[in-house]
Structures are given as structure tokens and as C-alpha cells.
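Structure below is data-v3.txt: compact mmCIF, N, CA and C atoms.
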# COMPACT_ATOMS: atom_id res chain seq x y z
N ARG A 1 29.48 20.02 24.12
CA ARG A 1 28.27 20.61 23.57
C ARG A 1 28.38 20.65 22.05
N ARG A 2 27.29 20.25 21.37
CA ARG A 2 27.29 20.21 19.90
C ARG A 2 27.01 21.58 19.31
N CYS A 3 27.59 21.81 18.18
CA CYS A 3 27.34 23.03 17.43
C CYS A 3 25.88 23.03 16.97
N TRP A 4 25.25 24.20 16.90
CA TRP A 4 23.84 24.26 16.48
C TRP A 4 23.64 23.70 15.09
N LEU A 5 24.62 23.85 14.20
CA LEU A 5 24.51 23.33 12.84
C LEU A 5 24.57 21.80 12.85
N ALA A 6 25.44 21.25 13.66
CA ALA A 6 25.55 19.79 13.76
C ALA A 6 24.29 19.18 14.35
N SER A 7 23.61 19.91 15.21
CA SER A 7 22.39 19.37 15.82
C SER A 7 21.25 19.24 14.81
N MET A 8 21.35 19.93 13.68
CA MET A 8 20.33 19.84 12.65
C MET A 8 20.50 18.59 11.79
N ALA A 9 21.68 18.02 11.76
CA ALA A 9 21.94 16.83 10.95
C ALA A 9 21.36 15.61 11.64
N PRO A 10 20.89 14.64 10.87
CA PRO A 10 20.33 13.43 11.49
C PRO A 10 21.42 12.62 12.19
N SER A 11 21.06 12.02 13.30
CA SER A 11 22.00 11.15 14.00
C SER A 11 22.11 9.83 13.26
N TYR A 12 23.11 9.04 13.64
CA TYR A 12 23.26 7.72 13.01
C TYR A 12 22.03 6.85 13.28
N ASP A 13 21.44 6.98 14.45
CA ASP A 13 20.23 6.21 14.77
C ASP A 13 19.08 6.60 13.84
N GLN A 14 18.94 7.89 13.56
CA GLN A 14 17.89 8.35 12.66
C GLN A 14 18.13 7.84 11.24
N ILE A 15 19.37 7.81 10.80
CA ILE A 15 19.69 7.31 9.46
C ILE A 15 19.38 5.83 9.38
N ASP A 16 19.78 5.06 10.38
CA ASP A 16 19.47 3.63 10.40
C ASP A 16 17.97 3.40 10.40
N GLU A 17 17.24 4.20 11.17
CA GLU A 17 15.78 4.07 11.22
C GLU A 17 15.16 4.37 9.85
N ALA A 18 15.66 5.38 9.16
CA ALA A 18 15.14 5.72 7.83
C ALA A 18 15.42 4.61 6.84
N ASN A 19 16.63 4.03 6.88
CA ASN A 19 16.95 2.93 5.98
C ASN A 19 16.07 1.73 6.25
N THR A 20 15.80 1.44 7.51
CA THR A 20 14.94 0.32 7.88
C THR A 20 13.53 0.57 7.38
N LEU A 21 13.01 1.78 7.53
CA LEU A 21 11.67 2.11 7.04
C LEU A 21 11.62 1.94 5.54
N SER A 22 12.61 2.45 4.83
CA SER A 22 12.62 2.32 3.37
C SER A 22 12.64 0.85 2.95
N GLU A 23 13.43 0.05 3.63
CA GLU A 23 13.51 -1.37 3.29
C GLU A 23 12.17 -2.07 3.57
N ARG A 24 11.54 -1.76 4.70
CA ARG A 24 10.23 -2.36 5.02
C ARG A 24 9.21 -1.97 3.97
N VAL A 25 9.21 -0.71 3.58
CA VAL A 25 8.26 -0.24 2.57
C VAL A 25 8.54 -0.94 1.24
N ARG A 26 9.79 -1.01 0.83
CA ARG A 26 10.15 -1.61 -0.46
C ARG A 26 9.72 -3.08 -0.53
N VAL A 27 10.04 -3.85 0.48
CA VAL A 27 9.69 -5.27 0.48
C VAL A 27 8.18 -5.46 0.46
N THR A 28 7.48 -4.68 1.26
CA THR A 28 6.02 -4.81 1.33
C THR A 28 5.36 -4.43 0.01
N VAL A 29 5.75 -3.31 -0.57
CA VAL A 29 5.04 -2.85 -1.77
C VAL A 29 5.34 -3.68 -3.00
N VAL A 30 6.53 -4.22 -3.10
CA VAL A 30 6.82 -5.05 -4.27
C VAL A 30 5.94 -6.30 -4.24
N GLY A 31 5.88 -6.95 -3.09
CA GLY A 31 5.03 -8.14 -2.97
C GLY A 31 3.56 -7.82 -3.19
N MET A 32 3.10 -6.75 -2.58
CA MET A 32 1.69 -6.39 -2.71
C MET A 32 1.35 -5.90 -4.12
N ALA A 33 2.29 -5.24 -4.78
CA ALA A 33 2.02 -4.74 -6.14
C ALA A 33 1.80 -5.90 -7.10
N VAL A 34 2.61 -6.95 -6.98
CA VAL A 34 2.44 -8.12 -7.85
C VAL A 34 1.07 -8.76 -7.58
N PHE A 35 0.75 -8.93 -6.32
CA PHE A 35 -0.52 -9.51 -5.91
C PHE A 35 -1.69 -8.66 -6.40
N THR A 36 -1.58 -7.35 -6.22
CA THR A 36 -2.63 -6.42 -6.61
C THR A 36 -2.81 -6.38 -8.12
N LEU A 37 -1.70 -6.41 -8.85
CA LEU A 37 -1.77 -6.37 -10.30
C LEU A 37 -2.58 -7.55 -10.83
N PHE A 38 -2.40 -8.73 -10.27
CA PHE A 38 -3.18 -9.89 -10.68
C PHE A 38 -4.68 -9.63 -10.53
N PHE A 39 -5.09 -9.10 -9.38
CA PHE A 39 -6.51 -8.87 -9.15
C PHE A 39 -7.04 -7.68 -9.95
N TRP A 40 -6.18 -6.68 -10.23
CA TRP A 40 -6.63 -5.57 -11.07
C TRP A 40 -6.88 -6.07 -12.49
N ILE A 41 -6.00 -6.93 -12.99
CA ILE A 41 -6.22 -7.52 -14.33
C ILE A 41 -7.50 -8.35 -14.33
N TRP A 42 -7.71 -9.12 -13.29
CA TRP A 42 -8.92 -9.94 -13.17
C TRP A 42 -10.17 -9.05 -13.20
N ALA A 43 -10.16 -7.96 -12.42
CA ALA A 43 -11.30 -7.05 -12.40
C ALA A 43 -11.49 -6.38 -13.76
N SER A 44 -10.40 -6.07 -14.44
CA SER A 44 -10.49 -5.46 -15.76
C SER A 44 -11.12 -6.43 -16.76
N VAL A 45 -10.68 -7.68 -16.73
CA VAL A 45 -11.25 -8.69 -17.63
C VAL A 45 -12.73 -8.91 -17.31
N ASN A 46 -13.08 -8.97 -16.02
CA ASN A 46 -14.49 -9.10 -15.63
C ASN A 46 -15.32 -7.94 -16.18
N SER A 47 -14.76 -6.75 -16.12
CA SER A 47 -15.48 -5.57 -16.62
C SER A 47 -15.71 -5.67 -18.12
N LEU A 48 -14.68 -6.09 -18.85
CA LEU A 48 -14.80 -6.21 -20.30
C LEU A 48 -15.78 -7.30 -20.70
N ARG A 49 -15.73 -8.41 -20.00
CA ARG A 49 -16.61 -9.53 -20.34
C ARG A 49 -18.07 -9.27 -20.00
N SER A 50 -18.30 -8.62 -18.86
CA SER A 50 -19.68 -8.44 -18.40
C SER A 50 -20.34 -7.18 -18.96
N GLY A 51 -19.54 -6.24 -19.40
CA GLY A 51 -20.10 -4.99 -19.90
C GLY A 51 -20.44 -4.01 -18.78
N THR A 52 -20.21 -4.40 -17.53
CA THR A 52 -20.40 -3.50 -16.39
C THR A 52 -19.04 -3.33 -15.72
N VAL A 53 -18.90 -2.26 -14.99
CA VAL A 53 -17.62 -1.97 -14.35
C VAL A 53 -17.52 -2.70 -13.01
N ASP A 54 -16.48 -3.51 -12.89
CA ASP A 54 -16.16 -4.16 -11.62
C ASP A 54 -15.50 -3.11 -10.74
N LEU A 55 -16.02 -2.90 -9.54
CA LEU A 55 -15.44 -1.89 -8.65
C LEU A 55 -13.98 -2.18 -8.32
N GLY A 56 -13.57 -3.44 -8.45
CA GLY A 56 -12.17 -3.79 -8.24
C GLY A 56 -11.24 -3.08 -9.20
N PHE A 57 -11.74 -2.73 -10.38
CA PHE A 57 -10.93 -1.97 -11.33
C PHE A 57 -10.44 -0.69 -10.68
N PHE A 58 -11.31 -0.02 -9.91
CA PHE A 58 -10.95 1.24 -9.27
C PHE A 58 -10.19 1.02 -7.96
N SER A 59 -10.68 0.10 -7.13
CA SER A 59 -10.03 -0.08 -5.82
C SER A 59 -8.64 -0.70 -5.97
N PHE A 60 -8.50 -1.70 -6.84
CA PHE A 60 -7.18 -2.27 -7.07
C PHE A 60 -6.28 -1.28 -7.81
N GLY A 61 -6.87 -0.46 -8.67
CA GLY A 61 -6.10 0.59 -9.34
C GLY A 61 -5.53 1.58 -8.35
N ALA A 62 -6.35 1.95 -7.35
CA ALA A 62 -5.87 2.86 -6.30
C ALA A 62 -4.76 2.19 -5.49
N ALA A 63 -4.92 0.90 -5.22
CA ALA A 63 -3.89 0.17 -4.48
C ALA A 63 -2.59 0.11 -5.28
N LEU A 64 -2.70 -0.13 -6.59
CA LEU A 64 -1.50 -0.13 -7.43
C LEU A 64 -0.81 1.22 -7.39
N ALA A 65 -1.59 2.29 -7.44
CA ALA A 65 -1.01 3.64 -7.40
C ALA A 65 -0.29 3.88 -6.07
N ILE A 66 -0.89 3.44 -4.97
CA ILE A 66 -0.25 3.66 -3.67
C ILE A 66 0.99 2.80 -3.53
N HIS A 67 0.98 1.61 -4.15
CA HIS A 67 2.18 0.77 -4.10
C HIS A 67 3.30 1.41 -4.91
N TYR A 68 2.95 2.01 -6.05
CA TYR A 68 3.96 2.72 -6.83
C TYR A 68 4.52 3.88 -6.02
N MET A 69 3.63 4.59 -5.34
CA MET A 69 4.07 5.71 -4.49
C MET A 69 5.03 5.21 -3.42
N GLY A 70 4.72 4.06 -2.84
CA GLY A 70 5.59 3.49 -1.82
C GLY A 70 6.94 3.09 -2.38
N LEU A 71 6.94 2.47 -3.56
CA LEU A 71 8.19 2.07 -4.18
C LEU A 71 9.00 3.31 -4.54
N ARG A 72 8.34 4.31 -5.05
CA ARG A 72 9.01 5.56 -5.43
C ARG A 72 9.60 6.25 -4.20
N SER A 73 8.95 6.06 -3.05
CA SER A 73 9.44 6.72 -1.83
C SER A 73 10.78 6.15 -1.39
N THR A 74 11.13 4.97 -1.87
CA THR A 74 12.38 4.35 -1.46
C THR A 74 13.48 4.52 -2.51
N ALA A 75 13.22 5.31 -3.54
CA ALA A 75 14.20 5.50 -4.62
C ALA A 75 15.47 6.14 -4.08
N ASN A 76 16.57 5.76 -4.65
CA ASN A 76 17.87 6.28 -4.20
C ASN A 76 18.19 7.66 -4.75
N ASP A 77 17.36 8.16 -5.65
CA ASP A 77 17.68 9.45 -6.27
C ASP A 77 17.16 10.64 -5.45
N VAL A 78 16.60 10.37 -4.29
CA VAL A 78 16.13 11.47 -3.44
C VAL A 78 17.04 11.54 -2.22
N GLY A 79 17.10 12.72 -1.63
CA GLY A 79 17.89 12.89 -0.43
C GLY A 79 17.31 12.09 0.73
N HIS A 80 18.09 11.98 1.76
CA HIS A 80 17.69 11.17 2.91
C HIS A 80 16.40 11.69 3.55
N ALA A 81 16.36 12.99 3.80
CA ALA A 81 15.17 13.56 4.44
C ALA A 81 13.95 13.43 3.52
N GLU A 82 14.13 13.66 2.22
CA GLU A 82 13.02 13.55 1.27
C GLU A 82 12.52 12.11 1.19
N GLY A 83 13.43 11.15 1.16
CA GLY A 83 13.03 9.74 1.11
C GLY A 83 12.25 9.33 2.34
N THR A 84 12.70 9.77 3.51
CA THR A 84 11.99 9.46 4.75
C THR A 84 10.62 10.10 4.75
N TYR A 85 10.53 11.34 4.27
CA TYR A 85 9.25 12.04 4.19
C TYR A 85 8.29 11.29 3.27
N ARG A 86 8.77 10.86 2.11
CA ARG A 86 7.92 10.13 1.16
C ARG A 86 7.47 8.79 1.73
N ALA A 87 8.39 8.06 2.34
CA ALA A 87 8.05 6.76 2.92
C ALA A 87 7.03 6.91 4.03
N ASP A 88 7.18 7.95 4.84
CA ASP A 88 6.24 8.18 5.93
C ASP A 88 4.86 8.54 5.38
N ASN A 89 4.82 9.36 4.34
CA ASN A 89 3.53 9.70 3.71
C ASN A 89 2.88 8.48 3.09
N PHE A 90 3.69 7.64 2.44
CA PHE A 90 3.15 6.41 1.89
C PHE A 90 2.50 5.58 3.00
N ALA A 91 3.22 5.38 4.08
CA ALA A 91 2.70 4.56 5.17
C ALA A 91 1.42 5.17 5.76
N ARG A 92 1.32 6.48 5.74
CA ARG A 92 0.14 7.16 6.28
C ARG A 92 -1.09 6.94 5.39
N TYR A 93 -0.91 6.99 4.08
CA TYR A 93 -2.05 6.91 3.16
C TYR A 93 -2.35 5.50 2.66
N ALA A 94 -1.40 4.60 2.78
CA ALA A 94 -1.60 3.24 2.26
C ALA A 94 -2.68 2.50 3.04
N GLY A 95 -2.75 2.69 4.34
CA GLY A 95 -3.76 2.01 5.14
C GLY A 95 -5.17 2.30 4.66
N PRO A 96 -5.55 3.57 4.54
CA PRO A 96 -6.90 3.88 4.06
C PRO A 96 -7.20 3.32 2.66
N VAL A 97 -6.22 3.34 1.77
CA VAL A 97 -6.45 2.79 0.43
C VAL A 97 -6.73 1.30 0.51
N HIS A 98 -6.02 0.60 1.36
CA HIS A 98 -6.25 -0.84 1.51
C HIS A 98 -7.61 -1.12 2.17
N TYR A 99 -8.05 -0.22 3.03
CA TYR A 99 -9.41 -0.37 3.59
C TYR A 99 -10.47 -0.19 2.50
N VAL A 100 -10.19 0.65 1.52
CA VAL A 100 -11.12 0.81 0.39
C VAL A 100 -11.25 -0.52 -0.37
N VAL A 101 -10.15 -1.21 -0.57
CA VAL A 101 -10.20 -2.51 -1.24
C VAL A 101 -11.00 -3.49 -0.38
N ALA A 102 -10.77 -3.47 0.93
CA ALA A 102 -11.52 -4.35 1.83
C ALA A 102 -13.02 -4.03 1.76
N ALA A 103 -13.35 -2.75 1.69
CA ALA A 103 -14.76 -2.35 1.58
C ALA A 103 -15.37 -2.85 0.28
N ASN A 104 -14.59 -2.88 -0.78
CA ASN A 104 -15.06 -3.41 -2.05
C ASN A 104 -15.45 -4.88 -1.91
N TYR A 105 -14.64 -5.64 -1.21
CA TYR A 105 -14.98 -7.05 -0.95
C TYR A 105 -16.24 -7.15 -0.08
N PHE A 106 -16.35 -6.26 0.88
CA PHE A 106 -17.52 -6.24 1.76
C PHE A 106 -18.79 -5.99 0.94
N ILE A 107 -18.71 -5.04 0.02
CA ILE A 107 -19.85 -4.76 -0.86
C ILE A 107 -20.16 -5.97 -1.73
N GLY A 108 -19.10 -6.61 -2.25
CA GLY A 108 -19.28 -7.79 -3.07
C GLY A 108 -19.99 -8.91 -2.33
N PHE A 109 -19.74 -9.02 -1.04
CA PHE A 109 -20.38 -10.05 -0.23
C PHE A 109 -21.90 -9.87 -0.28
N PHE A 110 -22.36 -8.63 -0.18
CA PHE A 110 -23.80 -8.38 -0.14
C PHE A 110 -24.44 -8.36 -1.53
N LEU A 111 -23.69 -7.97 -2.54
CA LEU A 111 -24.26 -7.89 -3.88
C LEU A 111 -24.10 -9.18 -4.68
N GLY A 112 -23.13 -9.98 -4.33
CA GLY A 112 -22.85 -11.20 -5.08
C GLY A 112 -23.75 -12.34 -4.64
N SER A 113 -23.66 -13.42 -5.40
CA SER A 113 -24.44 -14.60 -5.07
C SER A 113 -23.54 -15.82 -5.07
N GLY A 114 -23.97 -16.84 -4.41
CA GLY A 114 -23.21 -18.08 -4.33
C GLY A 114 -22.34 -18.12 -3.09
N SER A 115 -22.35 -19.24 -2.42
CA SER A 115 -21.61 -19.34 -1.17
C SER A 115 -20.10 -19.28 -1.42
N GLY A 116 -19.62 -19.83 -2.53
CA GLY A 116 -18.19 -19.76 -2.84
C GLY A 116 -17.72 -18.33 -3.00
N PHE A 117 -18.51 -17.53 -3.70
CA PHE A 117 -18.16 -16.13 -3.90
C PHE A 117 -18.20 -15.37 -2.58
N LYS A 118 -19.16 -15.69 -1.73
CA LYS A 118 -19.26 -15.01 -0.43
C LYS A 118 -18.06 -15.35 0.45
N VAL A 119 -17.61 -16.60 0.43
CA VAL A 119 -16.41 -16.98 1.18
C VAL A 119 -15.20 -16.22 0.64
N TYR A 120 -15.08 -16.14 -0.68
CA TYR A 120 -14.00 -15.38 -1.32
C TYR A 120 -14.04 -13.92 -0.84
N CYS A 121 -15.21 -13.33 -0.79
CA CYS A 121 -15.34 -11.93 -0.36
C CYS A 121 -14.95 -11.75 1.10
N VAL A 122 -15.37 -12.69 1.96
CA VAL A 122 -15.01 -12.60 3.38
C VAL A 122 -13.50 -12.71 3.54
N LEU A 123 -12.89 -13.67 2.87
CA LEU A 123 -11.44 -13.84 2.96
C LEU A 123 -10.70 -12.63 2.39
N GLY A 124 -11.20 -12.10 1.27
CA GLY A 124 -10.59 -10.91 0.68
C GLY A 124 -10.69 -9.71 1.60
N ALA A 125 -11.86 -9.51 2.20
CA ALA A 125 -12.03 -8.38 3.12
C ALA A 125 -11.11 -8.52 4.33
N MET A 126 -10.98 -9.73 4.83
CA MET A 126 -10.09 -9.95 5.98
C MET A 126 -8.63 -9.69 5.61
N PHE A 127 -8.21 -10.22 4.47
CA PHE A 127 -6.82 -10.04 4.05
C PHE A 127 -6.49 -8.56 3.85
N TRP A 128 -7.34 -7.86 3.09
CA TRP A 128 -7.05 -6.45 2.81
C TRP A 128 -7.16 -5.58 4.05
N SER A 129 -8.02 -5.95 4.99
CA SER A 129 -8.08 -5.23 6.27
C SER A 129 -6.79 -5.44 7.05
N MET A 130 -6.30 -6.68 7.06
CA MET A 130 -5.03 -6.94 7.75
C MET A 130 -3.89 -6.17 7.08
N MET A 131 -3.89 -6.13 5.76
CA MET A 131 -2.85 -5.39 5.06
C MET A 131 -2.96 -3.89 5.32
N ALA A 132 -4.17 -3.38 5.47
CA ALA A 132 -4.35 -1.97 5.79
C ALA A 132 -3.70 -1.67 7.14
N GLY A 133 -3.94 -2.55 8.11
CA GLY A 133 -3.32 -2.37 9.41
C GLY A 133 -1.81 -2.46 9.33
N HIS A 134 -1.31 -3.39 8.56
CA HIS A 134 0.13 -3.54 8.38
C HIS A 134 0.72 -2.28 7.73
N MET A 135 0.06 -1.79 6.70
CA MET A 135 0.56 -0.59 6.01
C MET A 135 0.56 0.61 6.95
N ALA A 136 -0.49 0.72 7.75
CA ALA A 136 -0.57 1.85 8.69
C ALA A 136 0.52 1.77 9.74
N ASN A 137 1.00 0.57 10.04
CA ASN A 137 2.03 0.40 11.08
C ASN A 137 3.44 0.38 10.52
N LEU A 138 3.62 0.51 9.22
CA LEU A 138 4.97 0.46 8.65
C LEU A 138 5.88 1.52 9.23
N SER A 139 5.36 2.70 9.44
CA SER A 139 6.23 3.79 9.92
C SER A 139 6.23 3.89 11.43
N ALA A 140 5.49 3.03 12.09
CA ALA A 140 5.42 3.10 13.56
C ALA A 140 6.70 2.59 14.21
As C-alpha cells, the full file:
Amino acid sequence: RRCWLASMAPSYDQIDEANTLSERVRVTVVGMAVFTLFFWIWASVNSLRSGTVDLGFFSFGAALAIHYMGLRSTANDVGHAEGTYRADNFARYAGPVHYVVAANYFIGFFLGSGSGFKVYCVLGAMFWSMMAGHMANLSA
């Protein structure tokens, strides 16, 4: 029979699971942050050139913030329980933020013109919706 104090400590399986979650989060957010940064810069330039605000400035900005949160959740300067808590929170909130980006593409489909732009919007909405699902399943 285990001591009550020892039962409060994480098992080796729980530690391995936490490390795996952190690694999945780290790999995903680094790749997505680079990808997102490109489109946030593009939306920013579009806003400056057109004199109107591209909604991508806000939606990609939110995605960049959530990716930073995800990367921060895997930092080695936090304790094991704190890191797992942060990574789990990231995975919980990242999905909805990515759906916001997908919704931005959906809006662009209806407000934009040109078949090429509409195809771009459909593909963007599909990609970001898939990423939202992936982000929501990171901690599963």
C-alpha cells in the first residue's frame, strides 16, 4: 500500500504523458506561428495599403497570441504540474481561436470578389478549421 503523500505525486505514466503533450504543443505551435506570422504581415500590409482594416490583422494576431501562449506553456522554467496545466489550457482555447480565423476566411468569401480570391478563402477556411480541430485534440 502506498503512502498518502506518495499517492499525490505523479506516476511515471503521467510524467511521460505530460512530456508528450508538451512536445506535441511545441512542434505544432512553432510551425503554425511561422505560418501565421506570414499571413498577419500580409494582412497588416493590406491594411496599410488600402486604408481599411483587414480583419486578418485581428484574427491572425489572436492566433499569434495563442501560439505564443502554447509555446510558453512548454517552457522548462515552470514546474511539471504548471507546465501541464498551461499546455492543457492552450489546447482548450487554441481551437476556438483557429475557428475565428476560419470565420474570417468565410466572411472574406462573401465580401470579396473574383473566383481566385473565393477559392483562396474556401481553402483558407478549410485549413484553419482543420487546424482548429487539431488544436482542440492536442490534449486528448
Atom-to-atom span, atom N of A:Ala136 and atom N of A:Ile41, Å:
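Distance between the two atoms: 22.8 Å.
Going from atom C of A:Pro96 to atom N of A:Ser113 covers 24.8 Å.
Atom pair atom CA of A:Asn46 / atom CA of A:His67: separated by 22.5 Å.
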Looking only at helix (DSSP H, G or I) from DSSP on the backbone, list the matching residues of stretch 28-95 of chain A as a PyMOL selection string.
chain A and resi 28-50+56-73+80-95
Have a look at A:Met32, A:Met130, A:Cys121, A:Ala91 and name the one nearest to A:Phe109; count all atoms listed in the file.
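For A:Phe109, the nearest of the given residues is A:Cys121.
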Looking at A:Tyr93, A:Leu71, A:Arg86, A:Ile107, which one is nearest to A:Val27, with distances taken over only N, CA and C atoms?
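Of A:Tyr93, A:Leu71, A:Arg86, A:Ile107, the one nearest A:Val27 is A:Leu71, counting only N, CA and C atoms.
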